[in-house]
Amino acid sequence: MGFSVSLDDLLGDEVRRDPYPYYARLHELGEAVALAPTAPYAAVVHGYDAAHRVLRDPVFRVLDADHLDRAGLRWRDHAVIRTLQASMFNAPPDDHARVRQLFGQALTARRVTALEPAILRIADRLLDGLADAGADGRPVDFMAEFALPLPSDVVGELLGVPERDRGWFPSRVRAFDAVLEIGPRSFREIRAANVAAEELTAYFTDLLAVRRAEPRDDLVSALAGIRDERPDQLSETELLANLIVMYNAGFRTTANLFGNGLTLLLARPDALAALRADPRLAPAYVEEILRYEPPVHFAVRYAAQDTEIAGLSIPRGRSVLVLTGAANRDPRRFTDPDSFDPSRPDNRHLAFSAGPHYCVGAALGRAEGRLVLPRLLDRFPALALAAEPGERRHFMLRGHDRLPVRLADPDTDRSAGTVRVDLAKPT
Ligand code: HEM
């Protein structure tokens with residue numbers, strides 16, 4: 001029997017839990033497949049070369065306001081969509097280039113290098129907290145105690161969100177992000193996302209006022225300064241929307257890099273031991289984690305004019321679902337794609353997308369992974385799973401909601417990863 005592709009299959013339980021066998025079957029069909037005319041996307045694009053082209057080709061655009069208007073969507077009724085549309089994620093090409101340039105400056109490699117001491121300080125503080133929470137072999141949720149707070153604190157540090165406020169964000173970010181997933185959303189989810197968008201807007205409006213009165217060395221102050229000096233470069237709505245998406249985009253993506261990376265490594269003791277023995281391998285490990293188990297599996301683009309992709313015609317105005325998670329496992333591009341191999345050469349995966357919307361925070365996400373993973377492994381030599389991790393079911397922000405680990409072997413005296421020496425006893 002032939003294999004026909006439908007969105008219902010892709011969004012079914014089995015594929016959500018483990019999409020890779022489905023991706024492998026898609027690869028047997030070529031680089032892209034057409035969906036039924038009634039489907040919300042004209043095609044699924046899953047081959048590496050085709051996905052790479054869609055993401056870079058100016059004919060394919062993010063779902064900007066014009067597109068939503070033409071589709072007759074009442075998106076202005078929803079604070080969450082208004083925020084996304086005013087942000088660089090969904091900006092049309094000219095607005096995007098202008099805003100991206102301003103925000104890109106904030107995240108250059110040099111700025112990220114300057115953030116490294118803060119990343120290490122935050123990591124060490126959270127590792128201490130993790131050690132306390134998991135003392136004497138008690139199971140501890142790695143996501144809640146470490147993977148989520150770390151990038152939240154780092155992006156908070158970058159933007160200038162005061163430490164005391166950072167605990168307020170995660171539930172809002174989670175509610176806001178729910179609308180990014182593929183497939184229909186419930187009324188309740190949309191309402192919660194709208195409330196979150198309004199609360200986040202109010203928060204950043206207040207923070208902007210505080211920093212305008214007393215600027216500091218942070219991104220909120222810097223961007224407020226740019227906006228006030230050159231108001232034609234950035235509107236207040238764009239400023240607010242981009243601060244919100246920056247916080248959101250920098251947070252659960254990187255948290256899932258840590259969670260997905262940790263389960264991958266714990267299931268592969270040899271790879272784990274090799275990284276522990278040589279932390280200089282960390283950058284290659286981060287790339288392979290991102291290729292193999294990416295936090296983001298897709299992007300959507302629409303055709304601004306009639307075009308084609310991998311032999312399929314895409315009429316003007318129709319959109320395509322670009323499965324970057326599948327492209328990362330394309331056997332035409334990656335040898336033995338389903339094996340985890342940090343030594344693979346030329347590992348140019350699409351976990352950060354490609355083209356003009358390539359992740360503006362990629363250098364920061366990479367730095368967090370590269371600096372923090374070896375520190376975590378070094379601190380807890382007996383780190384192990386304490387129970388099955390929470391199921392991954394999303395294509396956007398794909399990761400474990402909980403990841404119970406044990407930091408120390410309860411039979412030894414190595415809580416907090418350091419060997420306790422009894423000074424009363426001669427050694
Ligand atoms: C491992 C961590 C991360 C992953 C996997 C990731 C992934 C992505 C992906 C796939 C996109 C492109 C979406 C598209 O093409 O439609 C993107 C865009 C973006 N990311 Fe990241 N990201 C990460 C970390 C960060 C961080 C740390 C920040 C900021 C502090 C950030 C901010 C953004 C922003 C603002 C955009 C929109 C860029 C644009 O539209 O021009 N990301 N990210």
# chains A, B, ... in the order shown; residues from 1 in each chain; ligands from 1
call {"tool": "residues_near_ligand", "arguments": {"ligand": "ligand 1", "cutoff": "7 Å", "atoms": "only C-alpha atoms and all ligand atoms", "output": "ChimeraX atom specification"}}
result
/A:55,62,88-90,96,100,155,242,245-247,249-251,253-254,257,290,294-296,299-300,351-354,356-362,364-366
call {"tool": "residues_around", "arguments": {"residues": "stretch 164-171 of chain A", "least_positions_apart": "2", "cutoff": "10 Å", "atoms": "only C-alpha atoms", "output": "list in words"}}
result
Leu148, Pro149, Ser152, Asp153, Val155, Gly156, Glu157, Val161, Pro162, Val173, Arg174, Ala175, Phe176, Asp177, Ala196, Glu199, Leu200, Tyr203, Tyr247, Asn248, Phe251 and Arg252 of chain A
call {"tool": "residues_around", "arguments": {"residues": "A:Ser319", "least_positions_apart": "3", "cutoff": "12 Å", "atoms": "only C-alpha atoms", "output": "PyMOL selection string"}}
result
chain A and resi 34-35+37+39-45+54+59-64+67-68+71+299-309+313-316+322
call {"tool": "residues_around", "arguments": {"residues": "stretch 343-345 of chain A", "least_positions_apart": "4", "cutoff": "10 Å", "atoms": "only C-alpha atoms", "output": "PyMOL selection string"}}
result
chain A and resi 281+284-285+287-288+334-337
call {"tool": "write_last_selection", "arguments": {"atoms": "N, CA, C and O atoms", "output": "tab-separated table (two decimals), in the first residue's frame"}}
result
chain	number	residue	atom	x	y	z
A	281	LEU	N	35.18	19.21	23.41
A	281	LEU	CA	34.26	18.65	22.41
A	281	LEU	C	32.86	19.30	22.50
A	281	LEU	O	32.01	19.04	21.65
A	284	ALA	N	30.94	20.75	19.38
A	284	ALA	CA	30.48	19.73	18.41
A	284	ALA	C	29.28	18.96	18.99
A	284	ALA	O	28.35	18.61	18.25
A	285	TYR	N	29.29	18.72	20.28
A	285	TYR	CA	28.16	18.03	20.91
A	285	TYR	C	26.90	18.89	20.80
A	285	TYR	O	25.81	18.39	20.52
A	287	GLU	N	26.14	21.07	18.57
A	287	GLU	CA	25.62	21.04	17.19
A	287	GLU	C	24.89	19.74	16.91
A	287	GLU	O	23.84	19.72	16.28
A	288	GLU	N	25.47	18.62	17.39
A	288	GLU	CA	24.85	17.34	17.09
A	288	GLU	C	23.54	17.16	17.88
A	288	GLU	O	22.58	16.60	17.37
A	334	PHE	N	22.93	13.99	5.39
A	334	PHE	CA	23.71	13.56	6.56
A	334	PHE	C	23.91	12.04	6.50
A	334	PHE	O	22.92	11.29	6.46
A	335	THR	N	25.15	11.62	6.50
A	335	THR	CA	25.42	10.18	6.49
A	335	THR	C	24.88	9.57	7.78
A	335	THR	O	25.08	10.14	8.85
A	336	ASP	N	24.21	8.44	7.65
A	336	ASP	CA	23.69	7.73	8.81
A	336	ASP	C	22.96	8.71	9.75
A	336	ASP	O	23.34	8.89	10.91
A	337	PRO	N	21.90	9.35	9.24
A	337	PRO	CA	21.31	10.50	9.95
A	337	PRO	C	20.71	10.15	11.31
A	337	PRO	O	20.60	11.01	12.17
call {"tool": "closest_atom_pairs", "arguments": {"of": "stretch 280-381 of chain A", "to": "stretch 129-144 of chain A", "cutoff": "12 Å", "atoms": "only C-alpha atoms", "output": "JSON lines"}}
result
{"residue": "A:Leu376", "atom": "CA", "partner": "A:Leu130", "partner_atom": "CA", "distance": 10.0}
{"residue": "A:Arg379", "atom": "CA", "partner": "A:Ala131", "partner_atom": "CA", "distance": 9.0}
{"residue": "A:Phe380", "atom": "CA", "partner": "A:Ala131", "partner_atom": "CA", "distance": 8.5}
call {"tool": "write_last_selection", "arguments": {"atoms": "N, CA, C and O atoms", "output": "CSV table (one decimal), in the first residue's frame"}}
result
chain,number,residue,atom,x,y,z
A,376,LEU,N,28.0,21.1,34.0
A,376,LEU,CA,27.0,20.2,34.7
A,376,LEU,C,27.6,18.8,34.9
A,376,LEU,O,27.5,18.2,35.9
A,379,ARG,N,30.3,18.7,37.5
A,379,ARG,CA,29.8,18.8,38.9
A,379,ARG,C,29.2,17.6,39.4
A,379,ARG,O,29.2,17.3,40.6
A,380,PHE,N,28.5,16.8,38.5
A,380,PHE,CA,27.7,15.7,39.0
A,380,PHE,C,28.2,14.4,38.2
A,380,PHE,O,27.5,14.0,37.3
call {"tool": "closest_residue", "arguments": {"among": "A:Ile244, A:Leu275, A:Leu29, A:Ala326", "to": "A:Tyr292", "atoms": "only C-alpha atoms"}}
result
A:Ala326
call {"tool": "closest_residue", "arguments": {"among": "A:Leu107, A:Ala387, A:Arg82, A:Ala50", "to": "A:Glu198", "atoms": "only C-alpha atoms"}}
result
A:Arg82
call {"tool": "closest_atom_pairs", "arguments": {"of": "stretch 176-270 of chain A", "to": "stretch 388-409 of chain A", "cutoff": "7 Å", "atoms": "only C-alpha atoms", "output": "CSV"}}
result
residue,atom,partner,partner_atom,distance
A:Leu180,CA,A:Met396,CA,6.7
A:Glu181,CA,A:Met396,CA,5.3
A:Arg252,CA,A:Leu397,CA,6.4
A:Thr253,CA,A:Leu397,CA,5.8
A:Asn256,CA,A:Gly399,CA,5.0
A:Gly259,CA,A:His400,CA,6.5
A:Asn260,CA,A:Gly399,CA,6.1
call {"tool": "residues_around", "arguments": {"residues": "A:Leu219", "least_positions_apart": "2", "cutoff": "8 Å", "atoms": "only C-alpha atoms", "output": "PyMOL selection string"}}
result
chain A and resi 106+158-160+217+221-223
call {"tool": "write_last_selection", "arguments": {"atoms": "all heavy atoms", "output": "compact mmCIF listing (two decimals), in the first residue's frame"}}
result
# COMPACT_ATOMS: atom_id res chain seq x y z
N ALA A 106 22.58 43.67 19.18
CA ALA A 106 22.59 43.35 20.60
C ALA A 106 23.14 41.95 20.86
O ALA A 106 23.50 41.62 21.98
CB ALA A 106 21.17 43.44 21.14
N LEU A 158 20.49 39.72 29.86
CA LEU A 158 20.74 40.43 28.60
C LEU A 158 19.79 41.63 28.45
O LEU A 158 20.21 42.74 28.14
CB LEU A 158 20.54 39.45 27.44
CG LEU A 158 20.52 40.01 26.04
CD1 LEU A 158 21.95 40.28 25.59
CD2 LEU A 158 19.87 39.04 25.05
N LEU A 159 18.52 41.37 28.69
CA LEU A 159 17.54 42.44 28.48
C LEU A 159 17.56 43.46 29.62
O LEU A 159 17.26 44.63 29.41
CB LEU A 159 16.13 41.85 28.38
CG LEU A 159 15.82 40.97 27.18
CD1 LEU A 159 14.39 40.46 27.25
CD2 LEU A 159 16.01 41.74 25.88
N GLY A 160 17.89 42.99 30.82
CA GLY A 160 17.87 43.87 31.97
C GLY A 160 16.59 43.70 32.79
O GLY A 160 16.14 44.64 33.44
N ASP A 217 23.26 49.46 31.67
CA ASP A 217 23.96 48.78 30.57
C ASP A 217 23.20 47.50 30.23
O ASP A 217 23.66 46.40 30.54
CB ASP A 217 25.40 48.48 31.02
CG ASP A 217 26.19 47.87 29.89
OD1 ASP A 217 25.75 47.98 28.72
OD2 ASP A 217 27.24 47.26 30.15
N SER A 221 17.49 49.32 27.96
CA SER A 221 17.94 50.72 27.96
C SER A 221 18.49 51.09 26.59
O SER A 221 18.19 52.18 26.06
CB SER A 221 19.06 50.93 28.99
OG SER A 221 18.65 50.50 30.26
N ALA A 222 19.31 50.19 26.00
CA ALA A 222 19.95 50.51 24.72
C ALA A 222 18.89 50.72 23.63
O ALA A 222 18.95 51.68 22.86
CB ALA A 222 20.91 49.40 24.32
N LEU A 223 17.90 49.84 23.59
CA LEU A 223 16.89 49.94 22.52
C LEU A 223 15.96 51.13 22.76
O LEU A 223 15.53 51.79 21.80
CB LEU A 223 16.11 48.64 22.41
CG LEU A 223 16.96 47.49 21.83
CD1 LEU A 223 16.33 46.15 22.11
CD2 LEU A 223 17.15 47.67 20.32
call {"tool": "closest_residue", "arguments": {"among": "A:Arg291, A:Arg76, A:Arg370, A:Arg332", "to": "A:Gly47", "atoms": "only C-alpha atoms"}}
result
A:Arg332
call {"tool": "atom_distance", "arguments": {"atom1": "atom CA of A:Asp218", "atom2": "atom CA of A:Arg110"}}
result
14.6 Å
call {"tool": "closest_residue", "arguments": {"among": "A:Arg375, A:Gly225, A:Thr324, A:Pro381", "to": "A:Asp124", "atoms": "only C-alpha atoms"}}
result
A:Arg375
call {"tool": "select_by_dssp", "arguments": {"residues": "stretch 151-310 of chain A", "states": "strand (DSSP E)", "output": "PyMOL selection string"}}
result
chain A and resi 299-303+307-309
call {"tool": "write_last_selection", "arguments": {"atoms": "all heavy atoms", "output": "tab-separated table (two decimals), in the first residue's frame"}}
result
chain	number	residue	atom	x	y	z
A	299	ALA	N	9.09	25.43	10.37
A	299	ALA	CA	8.83	26.85	10.12
A	299	ALA	C	7.75	26.87	9.04
A	299	ALA	O	7.56	25.89	8.33
A	299	ALA	CB	10.10	27.54	9.62
A	300	VAL	N	7.04	27.99	8.94
A	300	VAL	CA	6.01	28.10	7.89
A	300	VAL	C	6.34	29.31	7.03
A	300	VAL	O	6.75	30.36	7.55
A	300	VAL	CB	4.61	28.26	8.52
A	300	VAL	CG1	3.55	28.47	7.45
A	300	VAL	CG2	4.25	27.05	9.38
A	301	ARG	N	6.20	29.18	5.73
A	301	ARG	CA	6.40	30.30	4.81
A	301	ARG	C	5.29	30.27	3.76
A	301	ARG	O	4.76	29.20	3.45
A	301	ARG	CB	7.75	30.18	4.07
A	301	ARG	CG	8.98	30.17	4.98
A	301	ARG	CD	9.24	31.54	5.61
A	301	ARG	NE	10.53	31.59	6.29
A	301	ARG	CZ	10.69	31.39	7.60
A	301	ARG	NH1	9.67	31.15	8.38
A	301	ARG	NH2	11.91	31.48	8.12
A	302	TYR	N	4.93	31.44	3.21
A	302	TYR	CA	3.96	31.43	2.11
A	302	TYR	C	4.63	31.95	0.84
A	302	TYR	O	5.63	32.68	0.89
A	302	TYR	CB	2.70	32.23	2.46
A	302	TYR	CG	2.82	33.74	2.31
A	302	TYR	CD1	2.43	34.38	1.14
A	302	TYR	CD2	3.30	34.51	3.36
A	302	TYR	CE1	2.53	35.76	1.00
A	302	TYR	CE2	3.41	35.90	3.24
A	302	TYR	CZ	3.02	36.51	2.05
A	302	TYR	OH	3.12	37.86	1.93
A	303	ALA	N	4.07	31.54	-0.30
A	303	ALA	CA	4.62	31.94	-1.59
A	303	ALA	C	4.04	33.31	-1.95
A	303	ALA	O	2.82	33.47	-2.06
A	303	ALA	CB	4.27	30.92	-2.66
A	307	THR	N	5.15	29.73	-7.61
A	307	THR	CA	6.52	29.21	-7.64
A	307	THR	C	6.47	27.70	-7.60
A	307	THR	O	5.39	27.09	-7.72
A	307	THR	CB	7.34	29.82	-6.47
A	307	THR	OG1	8.69	29.38	-6.58
A	307	THR	CG2	6.82	29.41	-5.11
A	308	GLU	N	7.63	27.09	-7.43
A	308	GLU	CA	7.66	25.63	-7.29
A	308	GLU	C	8.72	25.28	-6.26
A	308	GLU	O	9.64	26.06	-6.00
A	308	GLU	CB	7.94	24.94	-8.63
A	308	GLU	CG	9.31	25.18	-9.25
A	308	GLU	CD	10.46	24.45	-8.56
A	308	GLU	OE1	10.30	23.28	-8.21
A	308	GLU	OE2	11.51	25.10	-8.35
A	309	ILE	N	8.54	24.11	-5.67
A	309	ILE	CA	9.59	23.60	-4.79
A	309	ILE	C	9.66	22.09	-4.99
A	309	ILE	O	8.63	21.41	-4.94
A	309	ILE	CB	9.36	23.99	-3.29
A	309	ILE	CG1	10.55	23.56	-2.45
A	309	ILE	CG2	8.07	23.46	-2.71
A	309	ILE	CD1	11.79	24.35	-2.68
call {"tool": "select_by_dssp", "arguments": {"residues": "stretch 335-378 of chain A", "states": "helix (DSSP H, G or I)", "output": "ChimeraX atom specification"}}
result
/A:355-357,362-378
call {"tool": "write_last_selection", "arguments": {"atoms": "N, CA, C and O atoms", "output": "PDB file, in the first residue's frame"}}
result
ATOM      1  N   GLY A 355      18.529  31.630   6.273  1.00  0.00           N
ATOM      2  CA  GLY A 355      18.012  32.808   5.570  1.00  0.00           C
ATOM      3  C   GLY A 355      17.801  33.980   6.513  1.00  0.00           C
ATOM      4  O   GLY A 355      18.354  34.020   7.610  1.00  0.00           O
ATOM      5  N   PRO A 356      16.969  34.946   6.087  1.00  0.00           N
ATOM      6  CA  PRO A 356      16.857  36.201   6.853  1.00  0.00           C
ATOM      7  C   PRO A 356      16.336  36.011   8.282  1.00  0.00           C
ATOM      8  O   PRO A 356      16.651  36.809   9.153  1.00  0.00           O
ATOM      9  N   HIS A 357      15.559  34.954   8.527  1.00  0.00           N
ATOM     10  CA  HIS A 357      15.008  34.761   9.881  1.00  0.00           C
ATOM     11  C   HIS A 357      15.850  33.800  10.714  1.00  0.00           C
ATOM     12  O   HIS A 357      15.411  33.382  11.787  1.00  0.00           O
ATOM     13  N   ALA A 362      21.317  32.684  17.975  1.00  0.00           N
ATOM     14  CA  ALA A 362      22.042  31.409  17.826  1.00  0.00           C
ATOM     15  C   ALA A 362      23.374  31.424  18.582  1.00  0.00           C
ATOM     16  O   ALA A 362      23.718  30.445  19.261  1.00  0.00           O
ATOM     17  N   ALA A 363      24.110  32.530  18.487  1.00  0.00           N
ATOM     18  CA  ALA A 363      25.423  32.566  19.154  1.00  0.00           C
ATOM     19  C   ALA A 363      25.238  32.443  20.668  1.00  0.00           C
ATOM     20  O   ALA A 363      26.025  31.778  21.354  1.00  0.00           O
ATOM     21  N   LEU A 364      24.178  33.049  21.179  1.00  0.00           N
ATOM     22  CA  LEU A 364      23.930  32.977  22.622  1.00  0.00           C
ATOM     23  C   LEU A 364      23.497  31.566  23.035  1.00  0.00           C
ATOM     24  O   LEU A 364      24.011  31.002  24.011  1.00  0.00           O
ATOM     25  N   GLY A 365      22.566  30.981  22.285  1.00  0.00           N
ATOM     26  CA  GLY A 365      22.118  29.614  22.601  1.00  0.00           C
ATOM     27  C   GLY A 365      23.293  28.643  22.567  1.00  0.00           C
ATOM     28  O   GLY A 365      23.457  27.806  23.456  1.00  0.00           O
ATOM     29  N   ARG A 366      24.136  28.789  21.539  1.00  0.00           N
ATOM     30  CA  ARG A 366      25.309  27.915  21.435  1.00  0.00           C
ATOM     31  C   ARG A 366      26.253  28.122  22.614  1.00  0.00           C
ATOM     32  O   ARG A 366      26.774  27.162  23.182  1.00  0.00           O
ATOM     33  N   ALA A 367      26.482  29.395  22.974  1.00  0.00           N
ATOM     34  CA  ALA A 367      27.414  29.675  24.073  1.00  0.00           C
ATOM     35  C   ALA A 367      26.894  29.055  25.365  1.00  0.00           C
ATOM     36  O   ALA A 367      27.648  28.456  26.141  1.00  0.00           O
ATOM     37  N   GLU A 368      25.579  29.163  25.594  1.00  0.00           N
ATOM     38  CA  GLU A 368      25.019  28.587  26.820  1.00  0.00           C
ATOM     39  C   GLU A 368      25.272  27.081  26.842  1.00  0.00           C
ATOM     40  O   GLU A 368      25.713  26.523  27.846  1.00  0.00           O
ATOM     41  N   GLY A 369      25.012  26.409  25.720  1.00  0.00           N
ATOM     42  CA  GLY A 369      25.214  24.962  25.660  1.00  0.00           C
ATOM     43  C   GLY A 369      26.680  24.588  25.862  1.00  0.00           C
ATOM     44  O   GLY A 369      27.025  23.738  26.665  1.00  0.00           O
ATOM     45  N   ARG A 370      27.529  25.276  25.128  1.00  0.00           N
ATOM     46  CA  ARG A 370      28.969  24.963  25.151  1.00  0.00           C
ATOM     47  C   ARG A 370      29.580  25.187  26.539  1.00  0.00           C
ATOM     48  O   ARG A 370      30.402  24.400  27.005  1.00  0.00           O
ATOM     49  N   LEU A 371      29.152  26.258  27.222  1.00  0.00           N
ATOM     50  CA  LEU A 371      29.745  26.559  28.521  1.00  0.00           C
ATOM     51  C   LEU A 371      29.145  25.702  29.637  1.00  0.00           C
ATOM     52  O   LEU A 371      29.834  25.303  30.562  1.00  0.00           O
ATOM     53  N   VAL A 372      27.863  25.448  29.535  1.00  0.00           N
ATOM     54  CA  VAL A 372      27.159  24.898  30.691  1.00  0.00           C
ATOM     55  C   VAL A 372      27.142  23.367  30.719  1.00  0.00           C
ATOM     56  O   VAL A 372      27.253  22.779  31.796  1.00  0.00           O
ATOM     57  N   LEU A 373      27.013  22.737  29.543  1.00  0.00           N
ATOM     58  CA  LEU A 373      26.944  21.256  29.554  1.00  0.00           C
ATOM     59  C   LEU A 373      28.158  20.631  30.258  1.00  0.00           C
ATOM     60  O   LEU A 373      27.982  19.802  31.158  1.00  0.00           O
ATOM     61  N   PRO A 374      29.407  21.003  29.889  1.00  0.00           N
ATOM     62  CA  PRO A 374      30.553  20.392  30.565  1.00  0.00           C
ATOM     63  C   PRO A 374      30.576  20.688  32.070  1.00  0.00           C
ATOM     64  O   PRO A 374      30.954  19.852  32.870  1.00  0.00           O
ATOM     65  N   ARG A 375      30.114  21.883  32.436  1.00  0.00           N
ATOM     66  CA  ARG A 375      30.115  22.237  33.858  1.00  0.00           C
ATOM     67  C   ARG A 375      29.149  21.353  34.650  1.00  0.00           C
ATOM     68  O   ARG A 375      29.418  20.936  35.760  1.00  0.00           O
ATOM     69  N   LEU A 376      28.006  21.102  34.043  1.00  0.00           N
ATOM     70  CA  LEU A 376      27.003  20.241  34.670  1.00  0.00           C
ATOM     71  C   LEU A 376      27.560  18.826  34.855  1.00  0.00           C
ATOM     72  O   LEU A 376      27.463  18.229  35.933  1.00  0.00           O
ATOM     73  N   LEU A 377      28.173  18.296  33.803  1.00  0.00           N
ATOM     74  CA  LEU A 377      28.672  16.913  33.859  1.00  0.00           C
ATOM     75  C   LEU A 377      29.828  16.789  34.839  1.00  0.00           C
ATOM     76  O   LEU A 377      29.981  15.787  35.528  1.00  0.00           O
ATOM     77  N   ASP A 378      30.634  17.833  34.885  1.00  0.00           N
ATOM     78  CA  ASP A 378      31.772  17.813  35.786  1.00  0.00           C
ATOM     79  C   ASP A 378      31.318  17.866  37.246  1.00  0.00           C
ATOM     80  O   ASP A 378      31.848  17.187  38.119  1.00  0.00           O
TER      81      ASP A 378
END
call {"tool": "closest_residue", "arguments": {"among": "A:Leu150, A:Ala79, A:Leu350, A:Val320", "to": "A:Ala192", "atoms": "only C-alpha atoms"}}
result
A:Ala79
call {"tool": "closest_residue", "arguments": {"among": "A:His349, A:Phe258, A:Gly317, A:Val195", "to": "A:Asp69", "atoms": "only C-alpha atoms"}}
result
A:Gly317
call {"tool": "atom_distance", "arguments": {"atom1": "atom CA of A:Asp49", "atom2": "atom CA of A:Ala310"}}
result
9.0 Å
